[in-house]
Structures are given as C-alpha cells and as structure tokens.
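Please read the structure below before turning to the comments.
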Amino acid sequence: MAIDVATVRKVAKLARIAEPEDRLAPLAQELNGIMSWIEQLAEVDTDGVEPMTSAVAQTLPMRDDVVTDGGNAARVLRNAPRADQGFFVVPKVVE
Amino acid sequence: MSDLTRLTLRSALDGLANKDFSSVELTEAFISRIDAVNPQLNAYVLTTPERALDDARASDARRAAGTAGPLDGAPIGVKDLFCTDGVRTTAGSKILGTFVPPYESTVTSHLWRDGAVMLGKLNMDEFAMGSSNETSAFGPVVSPWRARGSNRNLTPGGSSGGSASAVSADLCLAATASDTGGSIRQPASFTGTVGIKPTYGLCSRFGMVAFASSLDQAGPITRTVADAALMLTSMAGHDPKDSTSLALPVPDFSQFIGKSVKGLRIGVPEEYRIDGMPEEIARLWDDGVEWLRAAGCEIKSVRLPHTRYALPAYYIIAPAEASSNLARYDGMRFGYRGEGTALTDVYETTRAEGFGPEVKRRILIGTYVLSAGYYDAYYLKALKVRARIAEDFSKAFEEVDAILTPTTPSAAFPLGEKQDDPVAMYLNDVFTVTTNLAGLPGLSIPAGLDSQGLPLGLQLIGRALDEGSLFSLAAAMEQAAGFTARPEPWA
C-alpha cells in the first residue's frame, strides 16, 4: 500500500497544507518509511476486539444547557490577524 | 545567597515558612540565574521577571498575613503548552507565534491559587511533537548535562525539554510539563530529574494546547519525588471545563512519601528487554529490582505481549487526533496568517508556513489514515491494538501492584544526531508510550549514570489512579539510588 506522489498531493490538499511539487516525492518517501514500519500492526490478532476510543471508560457528563460565558468580543478579537468593527476580517469566500 | 536556586521545592517552602528568606529573595536568585544561563540553554522562550516579582511580593504579603498556600512563594516554570492569561503562549510553533490567551489553563490556575510564582514559559517541541526539542520554532533546548570529557551539546529530550533542562539547571524549582507518548518521562530520564504522567483525567486539559486529546496529560518535572507529589497535588483536580476530567477528590500525594512498600508486588516485563538495549540500562534495571526487593517488595515476572506494537499504534492514533485538533489553525481568528488571494489559498499558505516539518508530517499521516479507504485498515486497527495493550496491563495488574521498567532505551544523545530519521526518533518513546495508550500513571526517577556520566531513569507504572503507590515506591528507590550527580554549572 505504498504512498505515491498523487496520494501525497491529495492528502496535502485535504489537510490544507500547500506543498510545492518538488516536495511531494521526498514526502512520499518519508511517509512510506513511517507507514511501512506501522504495517507490523497487521500481525496483531484483533478479531472480536472492540476499538478503544477513550483512555478511561466513563460516561460523558451532562450539564445544563445554559449560557456560562460570553460578552468578550473585544478580548476574543485581540488575537485576530485582521479585525474590523467587532468582526473577524477574512479573505473573500464567494467568487 | 546564590545557592537558593539549588534548593528542592520542599526545602524552599520550608525556608519560606521559617522566614530564612523571602519569596522576593528566592525569585531574584532565579531571575539572575536565568539571565546568566538561559542564553546558553534556551530553556525559556519567554521570561516574565516583572510578573514573577509581583507574584513574589504578593506571596510575601500573604505569608506575613498567615494566609500562605501550599506552594506559596515558590518560583516555577510553565511549559509553553499551557495557556496563561495575558502571557504569550506558542506551543513552540510559529503558527501561534503572537498568541496571547485571554484565559488561563486550569492546571496553571491551580498552581497560582496555591501561591506559586511564574518565572516564564518553557521551550518545547512544536505542539509537543518530538523527543529532542529540535522541532521547536524557537530552536532546540540544550541540556545542562554533558558527556564526560566532551563539549558537545546534548538534547534534554522532548517534548518537555525546556521544563527538564530548566529544572535540572536550577532555572526554576519545578516545572509543568505534558506527556502524550513520553514527553514528561523521557526528558526527566535524560536530565536526572523526576517526572510523572498521572492517570488520564487526573489533570484537566482545559487551556492546554491540544495534540492528541485521548493521550495528552499534564504532570510535573521536579528534582525529587517529594517535590513531584507537591506539584501534582496542586495541578490535579476535577474540572467541569474538561469533559474527560475525573470527578474524584485528589489525595494529598505527599502522604505517600516515606510510606512502607513492604509486601507490594512488582512486575518486571521481559518484553521491555529489547534488542540493542545498552548493557548499562539492563544493569540499572536489575539494580532497581534489587532496591525494591531490599525494601520488602515481592518481584514477579509479568507478560506484556503487545508492547512492541504500542509505538506503531501510537503513530496512527496520535497523528489522527492531531490532524483533527490542528485543523483549527487556519489563520482566521488567531495566530499567523499567510498571504493568498482566495480563502483556500490563505489556509494553505498559512499552514504551510506556520507549521514545521515534523508537525506537517504528522498532520499528513493523520489525514491519510483517516481518509476514505484507509480508516478501517489503519485507524480502527490501531484502536483495537490499543485495546490489546490496555488488556495486557489489566492482566498484569491482577498479579502485581506496579511495574518497573527502564524509562528510555538510551541516554541523552547529541543535538542533530537523529533529526533525519523520524522512526529512530520515535523509538525514544518505546517504553513510555504504552501507559499513554492505556491511560495509566507512569513515573520516571533518576537511577544512575552511564559510563559517560549521563543520567538514566527507571520508570514505575501503576494501576489507574494509584499514583500513591508510585510515589511510595519511587521515594524508596530514590533513597536507595542516592542520585546526587549534578550537571555542568553553566555560570
């Protein structure tokens, strides 16, 4: 199940990371090195084993559906790369 | 009073209580040592001397008024993974380069509640992804330790390399750290310090920059076992803001220091005796067994047959969770923003320029193993292997009360040595990653020096929520080991 250049291009696109064309082949090689080491997991007999999705078996707690925080627009916007009149300013979304 | 920086946390607190010195005097001693040494070690990425002195003055006032808390006046360092209200927090990444949190992590808020003084923010591998501190956007941390007769700079380990280096080099009394696959215990082992990763859920993850949420846990790095107990007692505790935080009372872990370990059953897993493990580490492990036997423990061999699959399973689960957690860094609401004409361009350049190579590698692996067609083969398979690993421990803990292993398969290595081989770097965590997958507590203590004069650690693994036994056992081993070696002075 080797990772080729086309797969790296697709995965980088899915991950929203711009990777220049000349980086795709070296990246494919790096990722293949890691994935081929990971392949040894196939040796483990996991028939009938339930996937372990959390470290501690516990039911997630419920809380009342009420507002607990808010009204801090100015503090929240303080870290924005661009903000204007109480809003985040983002690049054009609709062509 | 320059030797104030060499005190343990416990003895510093005693000195403060006895009015031998004030918190301002103690804090000033650390500030001047940081000024002299940090430019060489790069342990702090941000120092906060004014905040520290304000904290110290307030602490001295509380002590005079008789309202001092359990850590009152003790200067500590904070791994730059913990959000600190009004103080820049970067997780070692360019993408968070200018982020100033408008809120405080729960763990640090507990430390301030108990009176601790903040000296600054400590360097770390970018987003805690690394075992040598070389992936930090601020450059690597240098360990204060050097091999005998050598002047090569060594890694303090990672990802909590700044925490380990700072505690070891007397740049703080104790430090916060975090551990996703070994990031507290491996650096502790490399620097002759004590580190504990508690049971998953004991410390709140609220305000910790997320890497892999089902594995991340906060814990302290300290000089002694008793100091680790003091720090963890403060850091732990239920928090409604973290849905995985355990709603249980936190014991005073200090009560377990010095408690008899007679009759406790200690497991020695043969699977940890891996190929190529240096003879010195095997011998030190045997020493550890003898120390515990002499303290009255019963030693038993145990089987943990899936140990060798823990690391490859981790390198599916952790990147998968990271690829999801790090999706938030899109350059829109906080942090670095790249250039571009349309929205998607901006996302892509922001993330390409903001993340370092190791973080990108892990995001790509995580995205790949979660993508259509591979999810079952990789991600679900890894979660099933994780269940097998947890099951190994459950079976072992039917027969023993704790497990003793080496912490790392080698001593600290020179900076630059393993940078080009990701899998070789990942193998640093071969003995520590199992407890993250199983959610169990693991503690590393300095046990001796190798032939080059570099520290080596031993790890104790306990049942879930049995940190108490780990502290008792570690304190007994600490006494038997008599580890008094010190790193280079650097000033």
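Ligands are numbered from 1 in the order shown, chains are lettered A, B, ... in the order of the structure tokens, and residues start at 1 in each chain.
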- Task: Find the spatial neighbours of stretch 288-299 of chain B, counting only C-alpha atoms, within a cut-off of 10 Å - ignore same-chain residues fewer than 6 positions away - and output them as a PyMOL selection string.
- Result: chain B and resi 260-268+282+400-406+447-448+457-459+473-474+476-481
Go ahead and save the picked residues with C-alpha atoms, as a PDB file, in the first residue's frame.
ATOM      1  CA  SER B 260       6.456   1.415  53.605  1.00  0.00           C
ATOM      2  CA  VAL B 261       6.371  -0.535  50.361  1.00  0.00           C
ATOM      3  CA  LYS B 262       6.771  -3.868  52.123  1.00  0.00           C
ATOM      4  CA  GLY B 263       4.693  -6.589  50.533  1.00  0.00           C
ATOM      5  CA  LEU B 264       3.962  -4.683  47.312  1.00  0.00           C
ATOM      6  CA  ARG B 265       4.302  -6.932  44.258  1.00  0.00           C
ATOM      7  CA  ILE B 266       6.464  -5.527  41.459  1.00  0.00           C
ATOM      8  CA  GLY B 267       6.225  -6.810  37.896  1.00  0.00           C
ATOM      9  CA  VAL B 268       9.234  -6.995  35.597  1.00  0.00           C
ATOM     10  CA  ALA B 282      19.832  -3.572  31.732  1.00  0.00           C
ATOM     11  CA  VAL B 400       1.294  -7.217  40.637  1.00  0.00           C
ATOM     12  CA  ASP B 401       0.794  -3.765  42.169  1.00  0.00           C
ATOM     13  CA  ALA B 402       3.280  -1.863  39.984  1.00  0.00           C
ATOM     14  CA  ILE B 403       5.623  -2.484  37.077  1.00  0.00           C
ATOM     15  CA  LEU B 404       9.296  -1.482  36.879  1.00  0.00           C
ATOM     16  CA  THR B 405      10.979  -0.746  33.519  1.00  0.00           C
ATOM     17  CA  PRO B 406      13.726   1.457  32.131  1.00  0.00           C
ATOM     18  CA  ALA B 447      18.555   5.929  38.994  1.00  0.00           C
ATOM     19  CA  GLY B 448      22.181   6.314  37.976  1.00  0.00           C
ATOM     20  CA  GLY B 457      15.986   6.824  34.583  1.00  0.00           C
ATOM     21  CA  LEU B 458      13.786   3.975  35.675  1.00  0.00           C
ATOM     22  CA  GLN B 459      10.031   4.002  35.199  1.00  0.00           C
ATOM     23  CA  LEU B 473       7.870   3.117  45.580  1.00  0.00           C
ATOM     24  CA  ALA B 474       9.684   5.979  43.858  1.00  0.00           C
ATOM     25  CA  ALA B 476      12.048   4.200  48.373  1.00  0.00           C
ATOM     26  CA  MET B 477      14.024   3.842  45.137  1.00  0.00           C
ATOM     27  CA  GLU B 478      15.217   7.437  45.321  1.00  0.00           C
ATOM     28  CA  GLN B 479      16.656   6.763  48.748  1.00  0.00           C
ATOM     29  CA  ALA B 480      18.344   3.558  47.601  1.00  0.00           C
ATOM     30  CA  ALA B 481      19.714   5.134  44.411  1.00  0.00           C
TER      31      ALA B 481
END
- Task: For chain B, list the residues within 6 Å of chain A, counting only C-alpha atoms, and write the list as a PyMOL selection string.
- Result: chain B and resi 214+312+333-334+342-343+348-349+351-352+383-384+387+438-439
- Test item, helix (DSSP H, G or I) assignment across chain A, answer as a VMD selection string: chain A and resid 5 to 14 21 to 43 73 to 77
Take the selection from the previous step and output its residues with N, CA and C atoms, as a CSV table (one decimal), in the first residue's frame.
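Final output, again_3.csv:
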chain,number,residue,atom,x,y,z
A,5,VAL,N,3.1,9.9,-5.2
A,5,VAL,CA,3.1,11.4,-5.3
A,5,VAL,C,1.6,11.9,-5.4
A,6,ALA,N,0.8,11.2,-6.1
A,6,ALA,CA,-0.6,11.6,-6.3
A,6,ALA,C,-1.3,11.6,-4.9
A,7,THR,N,-1.0,10.5,-4.1
A,7,THR,CA,-1.7,10.4,-2.8
A,7,THR,C,-1.2,11.6,-1.9
A,8,VAL,N,0.1,11.9,-1.9
A,8,VAL,CA,0.6,13.0,-1.1
A,8,VAL,C,-0.1,14.3,-1.5
A,9,ARG,N,-0.2,14.5,-2.8
A,9,ARG,CA,-0.9,15.7,-3.3
A,9,ARG,C,-2.3,15.8,-2.7
A,10,LYS,N,-3.0,14.7,-2.8
A,10,LYS,CA,-4.4,14.6,-2.4
A,10,LYS,C,-4.5,14.9,-0.8
A,11,VAL,N,-3.7,14.2,-0.1
A,11,VAL,CA,-3.7,14.3,1.4
A,11,VAL,C,-3.3,15.7,1.8
A,12,ALA,N,-2.3,16.3,1.2
A,12,ALA,CA,-1.9,17.7,1.5
A,12,ALA,C,-3.1,18.6,1.2
A,13,LYS,N,-3.8,18.4,0.1
A,13,LYS,CA,-5.0,19.2,-0.2
A,13,LYS,C,-6.0,19.1,0.9
A,14,LEU,N,-6.3,17.8,1.3
A,14,LEU,CA,-7.3,17.6,2.3
A,14,LEU,C,-6.9,18.3,3.6
A,21,GLU,N,5.4,21.2,-5.6
A,21,GLU,CA,5.5,20.0,-6.4
A,21,GLU,C,6.8,19.2,-6.1
A,22,ASP,N,7.9,20.0,-5.9
A,22,ASP,CA,9.2,19.3,-5.7
A,22,ASP,C,9.4,18.7,-4.3
A,23,ARG,N,8.4,19.0,-3.4
A,23,ARG,CA,8.4,18.4,-2.1
A,23,ARG,C,7.6,17.1,-2.0
A,24,LEU,N,6.8,16.8,-3.1
A,24,LEU,CA,5.9,15.7,-3.0
A,24,LEU,C,6.6,14.3,-3.0
A,25,ALA,N,7.6,14.2,-3.9
A,25,ALA,CA,8.3,12.9,-3.9
A,25,ALA,C,9.1,12.6,-2.6
A,26,PRO,N,9.9,13.6,-2.1
A,26,PRO,CA,10.6,13.3,-0.8
A,26,PRO,C,9.6,13.0,0.3
A,27,LEU,N,8.4,13.7,0.3
A,27,LEU,CA,7.4,13.5,1.3
A,27,LEU,C,6.9,12.1,1.2
A,28,ALA,N,6.6,11.7,0.0
A,28,ALA,CA,6.1,10.3,-0.2
A,28,ALA,C,7.1,9.3,0.3
A,29,GLN,N,8.3,9.5,0.1
A,29,GLN,CA,9.4,8.6,0.6
A,29,GLN,C,9.4,8.6,2.2
A,30,GLU,N,9.3,9.8,2.8
A,30,GLU,CA,9.3,9.9,4.2
A,30,GLU,C,8.1,9.1,4.8
A,31,LEU,N,6.9,9.4,4.2
A,31,LEU,CA,5.7,8.8,4.7
A,31,LEU,C,5.7,7.3,4.5
A,32,ASN,N,6.2,6.9,3.4
A,32,ASN,CA,6.3,5.4,3.2
A,32,ASN,C,7.2,4.8,4.2
A,33,GLY,N,8.3,5.4,4.6
A,33,GLY,CA,9.2,4.9,5.6
A,33,GLY,C,8.5,4.7,6.9
A,34,ILE,N,7.6,5.7,7.3
A,34,ILE,CA,6.9,5.6,8.5
A,34,ILE,C,5.8,4.5,8.4
A,35,MET,N,5.0,4.6,7.3
A,35,MET,CA,3.9,3.7,7.2
A,35,MET,C,4.4,2.2,7.1
A,36,SER,N,5.5,2.0,6.5
A,36,SER,CA,6.0,0.6,6.3
A,36,SER,C,6.4,0.0,7.7
A,37,TRP,N,6.8,0.9,8.6
A,37,TRP,CA,7.1,0.5,10.0
A,37,TRP,C,5.8,0.2,10.7
A,38,ILE,N,4.8,1.0,10.4
A,38,ILE,CA,3.5,0.8,11.0
A,38,ILE,C,2.8,-0.5,10.6
A,39,GLU,N,3.1,-0.9,9.4
A,39,GLU,CA,2.4,-2.1,8.8
A,39,GLU,C,2.5,-3.3,9.7
A,40,GLN,N,3.5,-3.4,10.7
A,40,GLN,CA,3.6,-4.5,11.6
A,40,GLN,C,2.3,-4.8,12.4
A,41,LEU,N,1.5,-3.7,12.5
A,41,LEU,CA,0.3,-3.9,13.3
A,41,LEU,C,-0.6,-5.0,12.7
A,42,ALA,N,-0.5,-5.3,11.4
A,42,ALA,CA,-1.3,-6.3,10.8
A,42,ALA,C,-1.0,-7.7,11.5
A,43,GLU,N,0.1,-7.9,12.1
A,43,GLU,CA,0.4,-9.1,12.8
A,43,GLU,C,-0.5,-9.4,14.0
A,73,ALA,N,-16.3,40.0,23.2
A,73,ALA,CA,-15.9,40.1,21.8
A,73,ALA,C,-14.5,40.8,21.7
A,74,ALA,N,-14.3,41.9,22.4
A,74,ALA,CA,-13.0,42.6,22.3
A,74,ALA,C,-11.8,41.7,22.6
A,75,ARG,N,-12.0,41.0,23.7
A,75,ARG,CA,-10.9,40.1,24.1
A,75,ARG,C,-10.6,39.0,23.1
A,76,VAL,N,-11.7,38.5,22.6
A,76,VAL,CA,-11.6,37.4,21.6
A,76,VAL,C,-10.9,37.9,20.3
A,77,LEU,N,-11.3,39.1,19.9
A,77,LEU,CA,-10.7,39.7,18.7
A,77,LEU,C,-9.3,40.2,18.8
- Rounded to one decimal place, report the atom CA of A:Asp65-atom CA of B:Thr106 distance in Å. 21.9 Å
- Message: According to DSSP computed on the backbone, where in stretch 31-95 of chain A is there strand (DSSP E or B)? Give the residues as a ChimeraX atom specification.
- Response: /A:83-84,87-88
Neighbour list for B:Ser168 as a PDB file with C-alpha atoms, in the first residue's frame, cut-off 10 Å, only C-alpha atoms, skip fewer than 6 positions in-chain:
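Result saved to selection08.pdb:
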ATOM      1  CA  ARG B   6      19.717  24.701  44.205  1.00  0.00           C
ATOM      2  CA  SER B 143      20.724  20.005  28.236  1.00  0.00           C
ATOM      3  CA  PRO B 144      22.874  21.210  31.123  1.00  0.00           C
ATOM      4  CA  TRP B 145      24.462  17.707  31.096  1.00  0.00           C
ATOM      5  CA  PRO B 156      17.392  17.377  27.165  1.00  0.00           C
ATOM      6  CA  GLY B 162      12.618  23.228  28.330  1.00  0.00           C
ATOM      7  CA  ALA B 174       9.826  22.822  39.446  1.00  0.00           C
ATOM      8  CA  ALA B 188      13.183  13.607  33.038  1.00  0.00           C
ATOM      9  CA  PHE B 190      17.714  12.397  30.179  1.00  0.00           C
ATOM     10  CA  THR B 191      18.273  15.179  32.728  1.00  0.00           C
ATOM     11  CA  GLY B 192      18.384  13.379  36.086  1.00  0.00           C
ATOM     12  CA  THR B 193      15.013  14.750  37.175  1.00  0.00           C
ATOM     13  CA  VAL B 194      11.721  13.244  38.355  1.00  0.00           C
ATOM     14  CA  ILE B 221       9.042  17.711  36.319  1.00  0.00           C
ATOM     15  CA  THR B 222      10.891  18.199  39.602  1.00  0.00           C
ATOM     16  CA  ARG B 223      14.158  17.477  41.413  1.00  0.00           C
ATOM     17  CA  ARG B 486      24.930  17.348  39.093  1.00  0.00           C
ATOM     18  CA  PRO B 487      25.129  18.745  35.575  1.00  0.00           C
ATOM     19  CA  GLU B 488      27.652  21.339  34.391  1.00  0.00           C
TER      20      GLU B 488
END
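Interatomic distance, atom CA of B:Arg337 against atom CA of B:Asp85: 22.1 Å.
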- Message: Using only C-alpha atoms, can you tell me which of B:Tyr375, B:Phe21, B:Tyr200, B:Tyr103 comes closest to A:Asp69?
- Response: B:Tyr103
- Name all residues at most 12 Å from B:Ala36 (count only C-alpha atoms; drop same-chain ones fewer than 4 positions away) and give them as a VMD selection string. chain B and resid 29 to 32 40 to 42 169 to 171 489 to 491
- Message: For a quick check of understanding, using only C-alpha atoms, which of B:Thr307, B:Thr224, B:Gln452, B:Thr434 has the smallest distance to B:Arg10?
- Response: B:Thr224
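The protein and nucleic acid residues lying at most 6 Å from stretch 180-182 of chain B are Leu215, Asp216, Asp429, Thr432, Val433 and Asn436 of chain B, with only C-alpha atoms considered and sequence neighbours fewer than 6 positions away removed.
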For the residues in the current selection, export C-alpha atoms as a PDB file, in the first residue's frame.
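Saved as out25.pdb:
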ATOM      1  CA  LEU B 215      -3.462  10.672  25.232  1.00  0.00           C
ATOM      2  CA  ASP B 216      -2.431  14.149  26.482  1.00  0.00           C
ATOM      3  CA  ASP B 429       9.274   6.561  23.470  1.00  0.00           C
ATOM      4  CA  THR B 432       6.774   5.195  27.832  1.00  0.00           C
ATOM      5  CA  VAL B 433       4.080   5.222  25.156  1.00  0.00           C
ATOM      6  CA  ASN B 436      -0.487   6.795  27.438  1.00  0.00           C
TER       7      ASN B 436
END
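By only C-alpha atoms, and with residues fewer than 5 positions from B:Lys19 along its chain excluded, the set lying at most 12 Å from it is Ala12, Leu13, Asp14, Val24, Glu25, Leu26, Asp60, Arg63, Ala64 and Gly73 of chain B.
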- Could you state the separation of atom CA of B:Thr435 and atom CA of B:Phe471 in Å, given to one decimal place? 16.4 Å
